[in-house]
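Following: one structure in structure tokens, then a few remarks.
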Amino acid sequence: MSMQQPAPAARTARRPLRRYLTALVLVALLPVIVSACVAVWRAGSAFRDASADQLLDTAQALSRAVEGEVNRMVTLLRVTARSAPAGNATPPLPIDGQISIEDRPRSGAVAEPAEGDLAGAAARADRPLVSNLFSHQPGGRVRVAIAVPHPQERDRARVAMLTIEPASLITSLQSRTQASPGLLFAVTDGAGQVIARSVDPERHIGQPVPEWAKLKALGTSSGTFRALTKEGEPIVFAFQEVRGTPGWVVVAGEHSAAFDARWQKPLLGLAVGAGLAILLALLVAGRIARLILAPVRALAAHAAAVAAGRASGPASAIPPSPIAEFEALRHSLDAAESALVGSAEVERRAAETLAASERRYRALAKLGALVFWRSTGDGAVTEAGGWSELTGKPEAAALGSGWTASVHPADRPMVTAVLAEARSHQLPLDIEFRIAGGDGQWRWVRARGTPMVDGGTITEWVGVFEDIDARRQAQARIAHMAHHDGLTGLPNRLSFRERLELAAAGTGRGPAEAVLCIDLDRFKEVNDTLGHPAGDALLRAVTERLCGQVRDGDVVARLGGDEFAIAQGAVPQPDGAAALAARLVEVLAQPFDLDGHQVVIGASIGIALIGPGDQPDTGLKNADIALYRAKEEGRGRFFFFEPAMDARMQARRAMELALRRGLAEEQFDLLYQPQVRTQTREITGFEALLRWRHPERGLLAPAEFIPLAEEIGLILPIGEWVLARACADAAKWPDRIKVAVNVAPSQLTQRGLPDAAARALKASGLEPSRLEIEITENALTADLEAVSATLFRLKSMGVRVTMDDFGTGYSSIGYLRSFPFDKIKIDASFVRSLGEEEESRAIIRAVTGLCDSLGIATTAEGVETAAQRDFLTAERCTEMQGFLFSEPQPASQVPQLLAAGTGQALPRPPLHIAK
């Protein structure tokens, strides 16, 4: 039985004393902070206005200087108009401009004059007039005119007019610019054109002012505003109209950053001072607040410790405070604490009584139950709380032994036996079984219970039913995942091996079982071109086709990557396996549709037979060996395992070990065959040819070990060794003698070739232009992006790039335009058939002509006869290489070849070292 306590009354939210003290300090300091901010703001406005006034004073002073210059000109012209006769004679005056004297009528309407009739306008207006900028012809030099009239008769006036360049009229800017180097000064006419400018005047005089409309829109004769210069820089302008002119304006400008710095610097000092004052006030207020807060916190902490039963002493042990109210509170708390201790003892005894009465339920709660049950000592259920939620049946149906009707029939005997054993030995109960759920499905539950023993007799049982169906399903999924491939749902290698173990453990009377190892051809190309999602979709489609070709009882598994396996039984062998393999090769060669992309792959298959007594791993290994043979023979086919294949594989493994040992012991060597300039017979370079001095088989050519090196990943260290050795040897040769090094396609796609070349060049000191990297056409069909990046990086280092064996691979003229080739090597097969096939002669003629027009050198390989040499010379082939000139020689023979001009194996006309 349990008691339900009434819900406590809602309490008003309490806030700590520190928050109220903080609020009090802020309220007290708020007027000071606001006053300081207002003062700083007003000071900033005053500083900014003072800076603007200073800039405006500069503009006004410059305006007065310009007015003075104009008035000086007017005075000189007035004197000239009085004394000089009319005509075109130019009186000698200290003015750099053109002066003319004209008589003009004084009658007529006074209007704004055009520059062409400024003299007439001045006579009619009877006062000096100044023009805006004008030019006598489009694109000509701009001028300013000043006309000063002098009355002669009643209706006539003598007018002296000065036409002058703006720079000669306004000289004040020069002295002002020197005095104020950080400012920009300019004078504009009434139409917004620049008359004078302190910065770059030649380019800007006569040009319109960018912000003229903004200046005129202010509607005042002076003021300041922000704008952009003609260079697009932000600037603060102060302007002043020039009196006695048709709207001329003097402008003084200062870059916005410099202008703002002049008034912001003192403002910053003021703001820092105000901030320090406020900070000091906060520190003082905080000190006072801590004096109040510290004893209150100590008292509150002691009270909390008392409530939790962790108090280490009475309240009187708290350090006293100078605050009288706190001392009164401390004494009151001490008295209350004594009263609480007595009350706590009473509560403790009551708690022990309650704990004894509820011991049964605490034991039950530890089980984490879903359905709580109780039964009598002999097992009759008396309570089953939650039974209806678990089974969909009323709780009354579980009473007595009624709950056993919901147990799965297959589990019922086991449940009965476990219950009988637990009662007879008074042991706890823990068992898992299935019961019928409310949805009609069988659900796994875990029944746990413990006996309540009194005087050696079980008085009752208490326990729980726990729903563990989700956990059992998860365990089943985990078990499935451990034996199946997550992508295709097929059995994995572990599950497949278990199937082979069953076949090997047979009685020996049944037929042998076939193991088919299947590898997809060109699967990597799909992954590289269409992406991994397309590759996954292809694997699922392959799985569907494989499963469609096997019989019930056969097992299709995915071993990893693009490799599958099939265990075929219950059919005569080897005919059954051969028929299945033939069907698989045919069906997997059909196109696959992957999201709109048609993909054609293929399959290679290796087959081995396994029977009772055979080792499963041996059968799988033999099928894998046969698969390797199928791939060697051209793919798209199947092979049965033969003992000779195993011997061949063992030989390959021995070759692999010897190759690794050869690299570690530096058993490799380089031979050098000269390349000869066709027209002059000069040796221009050597091709480095790799050889392996095998300790048992002798000197091996690259074709005998390079494919294996590429397959097992040794091509990169071997390639780096060849580069380092070739560069070191070539560094000892005369300048301009080059060395050519062949690289494999896998070296290009790894993107590490430029770094290896850089290291070899740096270690040897060889100039990059003396190193040639030779690649085959097939390398361009691999990873085009990676190969392109490698080739262009080599070119950027200064290394030359050559296409080797041109015409034997996936030839494409587009390669010659897309890639930075310096040389094309014509394959020896075309040179050998020159005397037999007209087609070879036509191909060589086309290649040499094309490369000659593209500026690419050509080298013919395999030249062995004088007739071949003469044909290549006539076709303007750049270089030749072959036994006609020299066989490949060790590095020690290169100096003799260079000294003699040719190799010593065959006597030839003398060659010369390229100058």
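Following the order of the structure tokens, first chain is A, next is B, and so on, with residues numbered from 1 inside each chain and ligands from 1 in the order they appear.
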
- Long-range neighbours of segment 625-635 of chain A as a ChimeraX atom specification, 10 Å cut-off, only C-alpha atoms, 2 positions minimum in chain: /A:516-522,585,602-608,619-623,637-643,645-646,648-649

- What's the 10 Å shell around Leu133 of chain A, counting only C-alpha atoms, without same-chain residues fewer than 6 positions away, as a list in words?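 Counting only the stated atoms, we get Glu115, Arg141, Val142, Arg143, Val144, Ala145, Glu165, Pro166, Thr188, Asp189, Gly190, Ala191, Gly192, Gln193, Val194, Ile195, Ile205 and Gly206 of chain A.
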
- Message: My list of candidates is A:His408, A:Arg876, A:Arg832, A:Arg64. Which is closest to Gly862 of chain A when distances are computed with only C-alpha atoms?
- Response: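 Counting only C-alpha atoms, the residue closest to Gly862 of chain A is A:Arg832.
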
- For Asp53 of chain A, list every protein, DNA or RNA residue within 12 Å, evaluated using only C-alpha atoms, and leave out those in the same chain fewer than 2 positions away; present the list as a VMD selection string. chain A and resid 46 to 51 55 to 61 222 to 225 236 to 239 252 259 263

- Task: Would you list, as an NGL selection string, the residues of segment 739-890 of chain A that end up in alpha helix (DSSP H) under DSSP run on this structure's backbone?
- Result: :A and (745-749 or 753-764 or 784-797 or 813-818 or 828-832 or 838-854 or 866-874)

Take the residues that were just selected and, keeping C-alpha atoms, output them as a JSON list (two decimals), in the first residue's frame.
[["chain", "number", "residue", "atom", "x", "y", "z"],
["A", 745, "PRO", "CA", 51.28, 4.45, -66.02],
["A", 746, "SER", "CA", 50.86, 3.74, -62.31],
["A", 747, "GLN", "CA", 53.65, 6.24, -61.54],
["A", 748, "LEU", "CA", 51.69, 8.96, -63.33],
["A", 749, "THR", "CA", 48.39, 8.30, -61.57],
["A", 753, "LEU", "CA", 56.29, 11.50, -59.84],
["A", 754, "PRO", "CA", 57.03, 15.29, -59.86],
["A", 755, "ASP", "CA", 58.25, 15.12, -56.26],
["A", 756, "ALA", "CA", 60.49, 12.14, -57.06],
["A", 757, "ALA", "CA", 61.89, 13.97, -60.11],
["A", 758, "ALA", "CA", 62.50, 17.11, -58.03],
["A", 759, "ARG", "CA", 64.41, 15.10, -55.42],
["A", 760, "ALA", "CA", 66.53, 13.38, -58.09],
["A", 761, "LEU", "CA", 67.35, 16.70, -59.81],
["A", 762, "LYS", "CA", 68.22, 18.39, -56.52],
["A", 763, "ALA", "CA", 70.46, 15.53, -55.33],
["A", 764, "SER", "CA", 72.34, 15.30, -58.66],
["A", 784, "LEU", "CA", 43.09, 11.32, -67.16],
["A", 785, "GLU", "CA", 42.79, 14.04, -64.50],
["A", 786, "ALA", "CA", 45.70, 12.72, -62.42],
["A", 787, "VAL", "CA", 47.92, 12.14, -65.49],
["A", 788, "SER", "CA", 47.22, 15.67, -66.78],
["A", 789, "ALA", "CA", 48.08, 17.22, -63.42],
["A", 790, "THR", "CA", 51.34, 15.25, -63.26],
["A", 791, "LEU", "CA", 52.41, 16.16, -66.81],
["A", 792, "PHE", "CA", 51.69, 19.86, -66.41],
["A", 793, "ARG", "CA", 53.52, 19.95, -63.09],
["A", 794, "LEU", "CA", 56.58, 18.32, -64.69],
["A", 795, "LYS", "CA", 56.47, 20.89, -67.48],
["A", 796, "SER", "CA", 56.27, 23.72, -64.94],
["A", 797, "MET", "CA", 59.50, 22.36, -63.38],
["A", 813, "ILE", "CA", 45.83, 13.31, -82.39],
["A", 814, "GLY", "CA", 43.92, 15.21, -79.70],
["A", 815, "TYR", "CA", 46.61, 14.11, -77.21],
["A", 816, "LEU", "CA", 49.18, 16.16, -79.13],
["A", 817, "ARG", "CA", 47.06, 19.27, -78.65],
["A", 818, "SER", "CA", 45.87, 18.62, -75.08],
["A", 828, "ALA", "CA", 60.25, 0.44, -83.70],
["A", 829, "SER", "CA", 57.59, -1.78, -85.32],
["A", 830, "PHE", "CA", 56.93, 0.88, -87.97],
["A", 831, "VAL", "CA", 60.67, 1.36, -88.60],
["A", 832, "ARG", "CA", 61.30, -2.39, -89.00],
["A", 838, "GLU", "CA", 53.87, 1.06, -97.68],
["A", 839, "GLU", "CA", 51.46, 1.62, -94.80],
["A", 840, "SER", "CA", 54.38, 2.01, -92.34],
["A", 841, "ARG", "CA", 56.06, 4.56, -94.59],
["A", 842, "ALA", "CA", 52.81, 6.52, -94.86],
["A", 843, "ILE", "CA", 52.32, 6.47, -91.08],
["A", 844, "ILE", "CA", 55.87, 7.72, -90.41],
["A", 845, "ARG", "CA", 55.50, 10.40, -93.09],
["A", 846, "ALA", "CA", 52.21, 11.57, -91.52],
["A", 847, "VAL", "CA", 53.59, 11.60, -87.97],
["A", 848, "THR", "CA", 56.76, 13.52, -88.86],
["A", 849, "GLY", "CA", 54.79, 16.02, -90.92],
["A", 850, "LEU", "CA", 52.21, 16.57, -88.21],
["A", 851, "CYS", "CA", 54.82, 16.97, -85.46],
["A", 852, "ASP", "CA", 56.90, 19.28, -87.63],
["A", 853, "SER", "CA", 53.88, 21.58, -88.11],
["A", 854, "LEU", "CA", 53.16, 21.50, -84.35],
["A", 866, "ALA", "CA", 71.19, 2.52, -93.60],
["A", 867, "ALA", "CA", 68.04, 2.39, -95.71],
["A", 868, "GLN", "CA", 65.90, 3.09, -92.67],
["A", 869, "ARG", "CA", 68.22, 5.94, -91.69],
["A", 870, "ASP", "CA", 68.06, 7.49, -95.17],
["A", 871, "PHE", "CA", 64.24, 7.31, -95.33],
["A", 872, "LEU", "CA", 63.90, 8.92, -91.91],
["A", 873, "THR", "CA", 66.36, 11.63, -92.91],
["A", 874, "ALA", "CA", 64.36, 12.39, -96.03]]

From the DSSP assignment of the backbone, select every residue of segment 405-651 of chain A that is strand (DSSP E), and format the answer as a PDB file with C-alpha atoms, in the first residue's frame.
ATOM      1  CA  LEU A 429      14.284 -17.838 -11.569  1.00  0.00           C
ATOM      2  CA  ASP A 430      15.688 -16.491 -14.891  1.00  0.00           C
ATOM      3  CA  ILE A 431      14.392 -17.876 -18.196  1.00  0.00           C
ATOM      4  CA  GLU A 432      13.657 -16.612 -21.735  1.00  0.00           C
ATOM      5  CA  PHE A 433      10.758 -17.908 -23.853  1.00  0.00           C
ATOM      6  CA  ARG A 434       8.066 -16.791 -26.282  1.00  0.00           C
ATOM      7  CA  ILE A 435       4.498 -15.796 -25.473  1.00  0.00           C
ATOM      8  CA  ALA A 436       1.595 -14.716 -27.668  1.00  0.00           C
ATOM      9  CA  TRP A 442       5.064 -14.409 -30.752  1.00  0.00           C
ATOM     10  CA  ARG A 443       7.208 -12.160 -28.579  1.00  0.00           C
ATOM     11  CA  TRP A 444      10.294 -13.025 -26.597  1.00  0.00           C
ATOM     12  CA  VAL A 445      10.092 -12.319 -22.834  1.00  0.00           C
ATOM     13  CA  ARG A 446      12.451 -12.820 -19.949  1.00  0.00           C
ATOM     14  CA  ALA A 447      10.881 -14.113 -16.721  1.00  0.00           C
ATOM     15  CA  ARG A 448      12.794 -13.379 -13.536  1.00  0.00           C
ATOM     16  CA  GLY A 449      11.689 -14.060  -9.985  1.00  0.00           C
ATOM     17  CA  THR A 450      12.958 -14.673  -6.508  1.00  0.00           C
ATOM     18  CA  PRO A 451      11.455 -16.752  -3.661  1.00  0.00           C
ATOM     19  CA  MET A 452      10.487 -15.104  -0.350  1.00  0.00           C
ATOM     20  CA  VAL A 453      11.677 -17.622   2.280  1.00  0.00           C
ATOM     21  CA  ASP A 454      10.503 -17.616   5.898  1.00  0.00           C
ATOM     22  CA  THR A 457       9.730 -22.402   3.530  1.00  0.00           C
ATOM     23  CA  ILE A 458       8.838 -20.437   0.400  1.00  0.00           C
ATOM     24  CA  THR A 459       5.918 -18.217   1.328  1.00  0.00           C
ATOM     25  CA  GLU A 460       5.568 -16.563  -2.068  1.00  0.00           C
ATOM     26  CA  TRP A 461       7.330 -15.639  -5.299  1.00  0.00           C
ATOM     27  CA  VAL A 462       7.773 -12.138  -6.724  1.00  0.00           C
ATOM     28  CA  GLY A 463       9.104 -11.332 -10.168  1.00  0.00           C
ATOM     29  CA  VAL A 464       8.726  -9.665 -13.536  1.00  0.00           C
ATOM     30  CA  PHE A 465       8.130 -10.435 -17.175  1.00  0.00           C
ATOM     31  CA  GLU A 466      10.455  -8.252 -19.332  1.00  0.00           C
ATOM     32  CA  ASP A 467       9.773  -7.739 -23.046  1.00  0.00           C
ATOM     33  CA  GLU A 513      31.150 -29.747 -55.117  1.00  0.00           C
ATOM     34  CA  ALA A 514      32.382 -26.974 -57.426  1.00  0.00           C
ATOM     35  CA  VAL A 515      33.802 -23.703 -56.133  1.00  0.00           C
ATOM     36  CA  LEU A 516      33.550 -20.819 -58.640  1.00  0.00           C
ATOM     37  CA  CYS A 517      35.507 -17.606 -57.938  1.00  0.00           C
ATOM     38  CA  ILE A 518      34.142 -14.739 -60.037  1.00  0.00           C
ATOM     39  CA  ASP A 519      35.911 -11.411 -60.572  1.00  0.00           C
ATOM     40  CA  LEU A 520      34.216  -8.538 -62.431  1.00  0.00           C
ATOM     41  CA  ASP A 521      36.176  -7.063 -65.340  1.00  0.00           C
ATOM     42  CA  VAL A 555      25.264 -20.699 -52.442  1.00  0.00           C
ATOM     43  CA  VAL A 556      26.176 -17.338 -53.969  1.00  0.00           C
ATOM     44  CA  ALA A 557      28.535 -15.248 -51.782  1.00  0.00           C
ATOM     45  CA  ARG A 558      30.363 -11.964 -52.030  1.00  0.00           C
ATOM     46  CA  LEU A 559      33.950 -12.339 -50.874  1.00  0.00           C
ATOM     47  CA  GLY A 560      34.784  -8.636 -51.026  1.00  0.00           C
ATOM     48  CA  GLU A 563      34.799 -10.695 -56.168  1.00  0.00           C
ATOM     49  CA  PHE A 564      31.985 -13.244 -55.825  1.00  0.00           C
ATOM     50  CA  ALA A 565      31.938 -17.004 -55.253  1.00  0.00           C
ATOM     51  CA  ILE A 566      29.458 -19.820 -55.872  1.00  0.00           C
ATOM     52  CA  ALA A 567      29.342 -23.227 -54.218  1.00  0.00           C
ATOM     53  CA  GLN A 568      27.581 -25.587 -56.646  1.00  0.00           C
ATOM     54  CA  PHE A 592      23.678  -2.967 -67.244  1.00  0.00           C
ATOM     55  CA  ASP A 593      21.437   0.095 -66.978  1.00  0.00           C
ATOM     56  CA  LEU A 594      22.586   2.248 -64.044  1.00  0.00           C
ATOM     57  CA  HIS A 597      24.015   4.974 -67.969  1.00  0.00           C
ATOM     58  CA  GLN A 598      24.611   1.819 -69.988  1.00  0.00           C
ATOM     59  CA  VAL A 599      27.574  -0.061 -68.520  1.00  0.00           C
ATOM     60  CA  GLY A 602      32.385  -8.814 -67.959  1.00  0.00           C
ATOM     61  CA  ALA A 603      33.553 -11.597 -65.680  1.00  0.00           C
ATOM     62  CA  SER A 604      36.517 -13.934 -65.321  1.00  0.00           C
ATOM     63  CA  ILE A 605      35.907 -17.202 -63.463  1.00  0.00           C
ATOM     64  CA  GLY A 606      38.168 -19.724 -61.795  1.00  0.00           C
ATOM     65  CA  ILE A 607      36.802 -23.179 -60.859  1.00  0.00           C
ATOM     66  CA  ALA A 608      38.026 -25.793 -58.409  1.00  0.00           C
ATOM     67  CA  LEU A 609      36.383 -29.006 -57.201  1.00  0.00           C
ATOM     68  CA  ILE A 610      36.163 -29.905 -53.504  1.00  0.00           C
ATOM     69  CA  PHE A 638      36.721 -19.405 -67.196  1.00  0.00           C
ATOM     70  CA  PHE A 639      39.408 -21.928 -66.271  1.00  0.00           C
ATOM     71  CA  PHE A 640      39.447 -25.061 -64.135  1.00  0.00           C
TER      72      PHE A 640
END

- atom CA of Leu490 of chain A and atom CA of Gln549 of chain A, how far apart in Å?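 Calculated distance between atom CA of Gln549 of chain A and atom CA of Leu490 of chain A is 14.6 Å.
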
- Message: Need the shell around Pro695 of chain A: protein/DNA/RNA residues with any atom at most 10 Å away, counting only C-alpha atoms. Skip same-chain ones fewer than 5 positions apart. Format as a PyMOL selection string?
- Response: chain A and resi 658+662+667

Residues from last step as file, all heavy atoms, as a tab-separated table (two decimals), in the first residue's frame:
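For reference, selection-v6.tsv as written:
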chain	number	residue	atom	x	y	z
A	658	ALA	N	62.01	-12.49	-54.92
A	658	ALA	CA	63.31	-12.13	-55.50
A	658	ALA	C	63.33	-10.66	-55.91
A	658	ALA	O	64.36	-9.98	-55.77
A	658	ALA	CB	63.61	-13.03	-56.70
A	662	GLY	N	65.81	-7.98	-54.65
A	662	GLY	CA	66.63	-7.26	-55.61
A	662	GLY	C	66.59	-5.76	-55.40
A	662	GLY	O	67.60	-5.06	-55.55
A	667	GLN	N	70.08	-4.76	-57.01
A	667	GLN	CA	70.52	-5.63	-58.09
A	667	GLN	C	70.19	-5.06	-59.47
A	667	GLN	O	70.45	-5.69	-60.48
A	667	GLN	CB	69.86	-7.01	-57.93
A	667	GLN	CG	70.25	-7.74	-56.67
A	667	GLN	CD	69.48	-9.04	-56.49
A	667	GLN	OE1	68.62	-9.38	-57.30
A	667	GLN	NE2	69.78	-9.76	-55.41
